[in-house]
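The next block is start.cif, given as mmCIF, C-alpha atoms.
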```cif
data_data
loop_
_atom_site.label_atom_id
_atom_site.label_comp_id
_atom_site.auth_asym_id
_atom_site.auth_seq_id
_atom_site.Cartn_x
_atom_site.Cartn_y
_atom_site.Cartn_z
CA MET W 1 0.00 0.00 0.00
CA TYR W 2 1.24 3.46 -0.87
CA GLN W 3 0.58 6.70 0.97
CA TYR W 4 0.37 9.96 -0.97
CA ALA W 5 1.04 13.31 0.69
CA HIS W 6 2.82 16.60 0.29
CA PRO W 7 6.55 16.28 0.88
CA ASN W 8 7.98 17.02 4.31
CA PRO W 9 10.74 19.64 4.67
CA GLY W 10 13.23 16.82 5.27
CA ASP W 11 12.36 14.99 2.03
CA HIS W 12 14.51 17.14 -0.26
CA ALA W 13 17.55 14.81 -0.28
CA ALA W 14 15.40 11.70 -0.88
CA ILE W 15 13.54 13.44 -3.73
CA GLU W 16 16.79 14.55 -5.35
CA ALA W 17 18.24 11.03 -5.02
CA LEU W 18 15.13 9.51 -6.62
CA LEU W 19 15.26 12.03 -9.48
CA ASP W 20 18.96 11.28 -10.03
CA LEU W 21 18.17 7.56 -10.08
CA ALA W 22 15.32 8.05 -12.56
CA PHE W 23 16.88 10.65 -14.87
CA GLY W 24 20.62 10.59 -14.20
CA HIS W 25 22.95 12.97 -12.42
CA ASP W 26 23.11 15.22 -15.49
CA ARG W 27 19.34 15.79 -15.54
CA HIS W 28 19.80 19.49 -14.76
CA LYS W 29 21.25 19.94 -18.25
CA LYS W 30 17.90 19.08 -19.85
CA THR W 31 15.98 21.88 -21.55
CA SER W 32 13.00 21.71 -19.20
CA TYR W 33 15.23 22.51 -16.21
CA ARG W 34 15.96 25.96 -17.67
CA PHE W 35 12.33 26.86 -17.05
CA ARG W 36 12.63 25.90 -13.38
CA GLU W 37 15.72 27.94 -12.52
CA GLY W 38 15.04 30.63 -9.96
CA VAL W 39 11.40 29.59 -9.58
CA ASP W 40 9.97 27.48 -6.79
CA PRO W 41 7.67 24.58 -7.59
CA LEU W 42 4.04 25.07 -6.63
CA PRO W 43 3.78 23.60 -3.11
CA SER W 44 0.10 22.68 -3.34
CA LEU W 45 0.84 20.44 -6.35
CA ASN W 46 3.98 18.75 -5.03
CA LEU W 47 3.21 15.20 -4.03
CA VAL W 48 5.22 12.20 -2.92
CA ALA W 49 4.41 8.53 -2.60
CA ARG W 50 5.66 6.48 0.33
CA GLN W 51 5.81 2.78 1.02
CA ASP W 52 6.35 1.90 4.67
CA GLY W 53 7.54 5.46 5.27
CA ARG W 54 10.14 5.32 2.46
CA LEU W 55 9.83 7.84 -0.39
CA VAL W 56 9.20 5.90 -3.64
CA GLY W 57 7.62 8.50 -5.95
CA THR W 58 7.52 12.23 -6.55
CA ILE W 59 5.89 14.83 -8.78
CA ALA W 60 6.20 18.61 -9.00
CA TYR W 61 4.75 21.45 -11.07
CA TRP W 62 6.31 24.78 -12.03
CA PRO W 63 4.68 27.95 -13.31
CA VAL W 64 5.49 28.93 -16.91
CA ALA W 65 4.02 31.32 -19.47
CA ILE W 66 3.08 30.66 -23.10
CA GLY W 67 3.53 33.12 -25.97
CA GLU W 68 3.67 36.86 -26.15
CA ALA W 69 0.45 37.09 -24.14
CA ALA W 70 2.21 35.27 -21.26
CA VAL W 71 -0.68 32.86 -20.77
CA PRO W 72 -0.11 31.11 -17.42
CA ALA W 73 0.47 27.36 -17.53
CA LEU W 74 1.90 24.56 -15.43
CA LEU W 75 5.03 22.64 -16.35
CA LEU W 76 4.45 19.11 -15.05
CA GLY W 77 7.54 17.32 -13.93
CA PRO W 78 9.63 15.82 -13.05
CA VAL W 79 7.64 12.78 -12.05
CA ALA W 80 9.66 9.80 -10.89
CA VAL W 81 9.05 6.41 -9.33
CA GLU W 82 11.59 4.06 -7.82
CA PRO W 83 12.66 1.80 -10.72
CA ALA W 84 11.74 -1.46 -8.96
CA LEU W 85 8.18 -0.18 -8.44
CA ARG W 86 7.47 1.15 -11.94
CA GLY W 87 4.37 -0.21 -13.60
CA LEU W 88 2.46 -0.54 -10.32
CA GLY W 89 0.37 2.61 -10.75
CA ILE W 90 2.32 4.97 -8.50
CA GLY W 91 3.14 7.43 -11.29
CA VAL W 92 -0.40 7.24 -12.67
CA THR W 93 -1.83 8.03 -9.24
CA LEU W 94 0.58 10.94 -8.70
CA ILE W 95 -0.36 12.43 -12.08
CA ARG W 96 -4.12 11.92 -11.79
CA ARG W 97 -4.31 13.33 -8.27
CA THR W 98 -2.26 16.40 -9.04
CA LEU W 99 -3.99 17.17 -12.35
CA ALA W 100 -7.35 17.00 -10.57
CA LYS W 101 -6.07 19.30 -7.83
CA ALA W 102 -4.62 21.73 -10.39
CA ARG W 103 -8.03 21.88 -12.08
CA ARG W 104 -9.76 22.52 -8.73
CA GLU W 105 -7.27 25.32 -7.99
CA GLY W 106 -8.21 27.05 -11.24
CA HIS W 107 -5.18 26.21 -13.36
CA ARG W 108 -6.15 25.99 -17.01
CA ILE W 109 -3.21 24.52 -18.95
CA ALA W 110 -0.51 21.94 -18.26
CA VAL W 111 2.51 21.20 -20.44
CA LEU W 112 5.25 18.61 -20.10
CA VAL W 113 8.20 17.07 -21.85
CA GLY W 114 7.69 13.32 -22.06
CA ASP W 115 6.81 10.21 -23.99
CA ALA W 116 3.52 10.38 -25.87
CA ASP W 117 2.96 6.66 -25.32
CA TYR W 118 2.75 7.29 -21.58
CA TYR W 119 1.07 10.70 -21.35
CA THR W 120 -1.72 10.29 -23.91
CA ARG W 121 -3.62 8.24 -21.29
CA PHE W 122 -4.00 11.55 -19.41
CA GLN W 123 -5.26 13.30 -22.57
CA PHE W 124 -2.02 15.16 -23.24
CA LYS W 125 -1.48 15.90 -26.93
CA SER W 126 1.44 17.11 -28.97
CA ALA W 127 1.93 20.79 -28.20
CA GLU W 128 3.03 21.35 -31.77
CA GLY W 129 -0.60 20.87 -32.86
CA PHE W 130 -1.55 23.88 -30.72
CA GLY W 131 1.34 25.99 -31.98
CA ILE W 132 3.12 25.77 -28.62
CA ALA W 133 6.88 25.25 -28.63
CA MET W 134 9.76 24.79 -26.23
CA PRO W 135 13.24 25.33 -27.61
CA GLY W 136 15.00 21.98 -28.01
CA GLN W 137 11.87 19.85 -27.44
CA PRO W 138 9.84 19.81 -30.67
CA ASP W 139 8.83 16.14 -30.56
CA ARG W 140 8.35 15.55 -26.84
CA LEU W 141 6.45 18.66 -25.73
CA MET W 142 2.84 17.90 -24.85
CA ALA W 143 -0.05 20.04 -23.66
CA LYS W 144 -3.41 19.53 -21.98
CA ALA W 145 -6.34 21.85 -21.34
CA LEU W 146 -7.40 21.45 -17.72
CA THR W 147 -10.62 23.33 -18.46
CA ALA W 148 -12.67 23.25 -21.64
CA GLY W 149 -11.36 25.62 -24.30
CA ALA W 150 -8.29 26.67 -22.32
CA LEU W 151 -5.93 26.08 -25.26
CA GLU W 152 -8.04 27.92 -27.82
CA GLY W 153 -6.04 30.82 -29.22
CA VAL W 154 -2.98 29.97 -27.11
CA SER W 155 0.25 29.63 -29.05
CA GLY W 156 3.89 30.59 -28.97
CA ASP W 157 7.03 29.66 -27.11
CA ILE W 158 7.05 28.59 -23.50
CA HIS W 159 8.77 31.12 -21.26
CA ALA W 160 10.15 30.78 -17.78
CA TRP W 161 8.06 32.44 -15.10
CA ARG W 162 9.67 34.82 -12.67
CA LYS W 163 8.37 35.72 -9.23
CA ASN W 164 8.09 39.36 -10.15
CA GLY W 165 5.58 38.38 -12.85
CA ARG W 166 7.93 39.22 -15.69
CA ARG W 167 8.35 36.40 -18.14
CA GLU W 168 11.70 35.55 -19.66
CA MET W 169 12.65 33.25 -22.48
CA ALA W 170 14.78 30.38 -21.24
CA ALA W 171 18.07 30.41 -23.10
#
```

How would this structure read if it were set down as structure tokens?
Amino acid sequence: MYQYAHPNPGDHAAIEALLDLAFGHDRHKKTSYRFREGVDPLPSLNLVARQDGRLVGTIAYWPVAIGEAAVPALLLGPVAVEPALRGLGIGVTLIRRTLAKARREGHRIAVLVGDADYYTRFQFKSAEGFGIAMPGQPDRLMAKALTAGALEGVSGDIHAWRKNGRREMAA
């Protein structure tokens, strides 16, 4: 049985170790990490999975903006599950619970960089079809409207979000 909850302040090292295990120690070089620099993840959407008190899964969301109009969106990820426990529904549960919570909180759009074979089950579609782009990720960028019609008229490059509200293009 798995328990799902917000991370505790002392979970940072275990989360980082799990992310390194899942994505490698050089994961910070990936394009999507440029959009997270200098921005905190959204605490209400951070979730971890535990088995017998041990952290075995994690998910986080980051604010981003799309296009010249700076349409607010969520950047889902990273999501990681301990390799020995993959395929048991932990990742699916983390994603479903947090997408539902994001919708309840009034968020309208989520984007991610990932495998279409996995994320289409959550109704994510190629962002290219919406005219949304992320430098360096043309084939793996996906988008999802969390509310009906949220992606209508939204297009352009994804920009990093800054706390002062000013958007900046990730370089």

Written as number ranges by chain, which residues does the PyMOL selection byres ((chain W and resi 95-102) around 12) give for the file shown? W: 4-6, 42-49, 57-63, 73-81, 89-94, 103-112, 118-119, 121-124, 144-147

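Note that CA of Leu21 (chain W) and CA of Asp40 (chain W) are 21.8 Å apart.
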
I'd like the contact shell of Met142 (chain W) - 8 Å cut-off, only C-alpha atoms, skipping same-chain residues fewer than 4 positions apart - returned as a ChimeraX atom specification. /W:111-114,116,124-128

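Taking CA of Val39 (chain W) and CA of Ile15 (chain W) as endpoints, the distance between them is 17.3 Å.
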
For the structure shown, which residues end up in the PyMOL selection byres ((chain W and resi 31) around 9)? Put them as a ChimeraX atom specification, please? /W:28-30,32-35,134-137,170-171

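Reported to one decimal place, the separation of CA of Asp20 (chain W) from CA of Tyr2 (chain W) is 21.4 Å.
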
From the list W:Ala70, W:Ala22, W:Ala150, W:Gln3, the nearest residue to Pro83 (chain W) using only C-alpha atoms is W:Ala22

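The shortest atom-to-atom distance to Gly131 (chain W), with only C-alpha atoms taken into account, belongs to W:Gly153 out of W:Gly153, W:Gly87, W:Gly38, W:Gly53.
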
Run the PyMOL selection byres ((chain W and resi 69) around 10) on the file and write out the hits as number ranges by chain. W: 65-68, 70-72, 154-156, 167

Return region 119-140 of chain W, completed with N, CA and C atoms, as a JSON list (two decimals), in the frame of the given file.
```json
[["chain", "number", "residue", "atom", "x", "y", "z"],
["W", 119, "TYR", "N", 1.90, 9.58, -21.77],
["W", 119, "TYR", "CA", 1.07, 10.70, -21.35],
["W", 119, "TYR", "C", -0.24, 10.86, -22.11],
["W", 120, "THR", "N", -0.43, 10.18, -23.23],
["W", 120, "THR", "CA", -1.72, 10.29, -23.91],
["W", 120, "THR", "C", -2.85, 9.71, -23.07],
["W", 121, "ARG", "N", -2.56, 8.80, -22.17],
["W", 121, "ARG", "CA", -3.62, 8.24, -21.29],
["W", 121, "ARG", "C", -4.22, 9.30, -20.38],
["W", 122, "PHE", "N", -3.50, 10.43, -20.22],
["W", 122, "PHE", "CA", -4.00, 11.55, -19.41],
["W", 122, "PHE", "C", -4.53, 12.67, -20.29],
["W", 123, "GLN", "N", -4.75, 12.37, -21.56],
["W", 123, "GLN", "CA", -5.26, 13.30, -22.57],
["W", 123, "GLN", "C", -4.29, 14.43, -22.92],
["W", 124, "PHE", "N", -3.01, 14.21, -22.72],
["W", 124, "PHE", "CA", -2.02, 15.16, -23.24],
["W", 124, "PHE", "C", -1.87, 14.90, -24.73],
["W", 125, "LYS", "N", -1.67, 15.99, -25.48],
["W", 125, "LYS", "CA", -1.48, 15.90, -26.93],
["W", 125, "LYS", "C", -0.23, 16.66, -27.32],
["W", 126, "SER", "N", 0.27, 16.39, -28.49],
["W", 126, "SER", "CA", 1.44, 17.11, -28.97],
["W", 126, "SER", "C", 1.18, 18.61, -28.93],
["W", 127, "ALA", "N", 2.08, 19.34, -28.31],
["W", 127, "ALA", "CA", 1.93, 20.79, -28.20],
["W", 127, "ALA", "C", 2.10, 21.45, -29.56],
["W", 128, "GLU", "N", 2.81, 20.80, -30.43],
["W", 128, "GLU", "CA", 3.03, 21.35, -31.77],
["W", 128, "GLU", "C", 1.70, 21.60, -32.48],
["W", 129, "GLY", "N", 0.73, 20.71, -32.26],
["W", 129, "GLY", "CA", -0.60, 20.87, -32.86],
["W", 129, "GLY", "C", -1.33, 22.12, -32.38],
["W", 130, "PHE", "N", -0.94, 22.65, -31.25],
["W", 130, "PHE", "CA", -1.55, 23.88, -30.72],
["W", 130, "PHE", "C", -0.72, 25.11, -31.07],
["W", 131, "GLY", "N", 0.44, 24.88, -31.68],
["W", 131, "GLY", "CA", 1.34, 25.99, -31.98],
["W", 131, "GLY", "C", 2.15, 26.42, -30.78],
["W", 132, "ILE", "N", 2.33, 25.50, -29.83],
["W", 132, "ILE", "CA", 3.12, 25.77, -28.62],
["W", 132, "ILE", "C", 4.47, 25.09, -28.77],
["W", 133, "ALA", "N", 5.54, 25.79, -28.45],
["W", 133, "ALA", "CA", 6.88, 25.25, -28.63],
["W", 133, "ALA", "C", 7.75, 25.50, -27.40],
["W", 134, "MET", "N", 8.73, 24.62, -27.24],
["W", 134, "MET", "CA", 9.76, 24.79, -26.23],
["W", 134, "MET", "C", 11.09, 24.55, -26.95],
["W", 135, "PRO", "N", 11.97, 25.52, -26.92],
["W", 135, "PRO", "CA", 13.24, 25.33, -27.61],
["W", 135, "PRO", "C", 13.90, 24.00, -27.23],
["W", 136, "GLY", "N", 14.30, 23.24, -28.25],
["W", 136, "GLY", "CA", 15.00, 21.98, -28.01],
["W", 136, "GLY", "C", 14.10, 20.79, -27.76],
["W", 137, "GLN", "N", 12.79, 20.95, -27.74],
["W", 137, "GLN", "CA", 11.87, 19.85, -27.44],
["W", 137, "GLN", "C", 10.72, 19.75, -28.44],
["W", 138, "PRO", "N", 10.96, 19.79, -29.74],
["W", 138, "PRO", "CA", 9.84, 19.81, -30.67],
["W", 138, "PRO", "C", 8.99, 18.54, -30.68],
["W", 139, "ASP", "N", 9.57, 17.39, -30.45],
["W", 139, "ASP", "CA", 8.83, 16.14, -30.56],
["W", 139, "ASP", "C", 8.26, 15.65, -29.25],
["W", 140, "ARG", "N", 8.74, 16.11, -28.14],
["W", 140, "ARG", "CA", 8.35, 15.55, -26.84],
["W", 140, "ARG", "C", 7.51, 16.49, -25.99]]
```
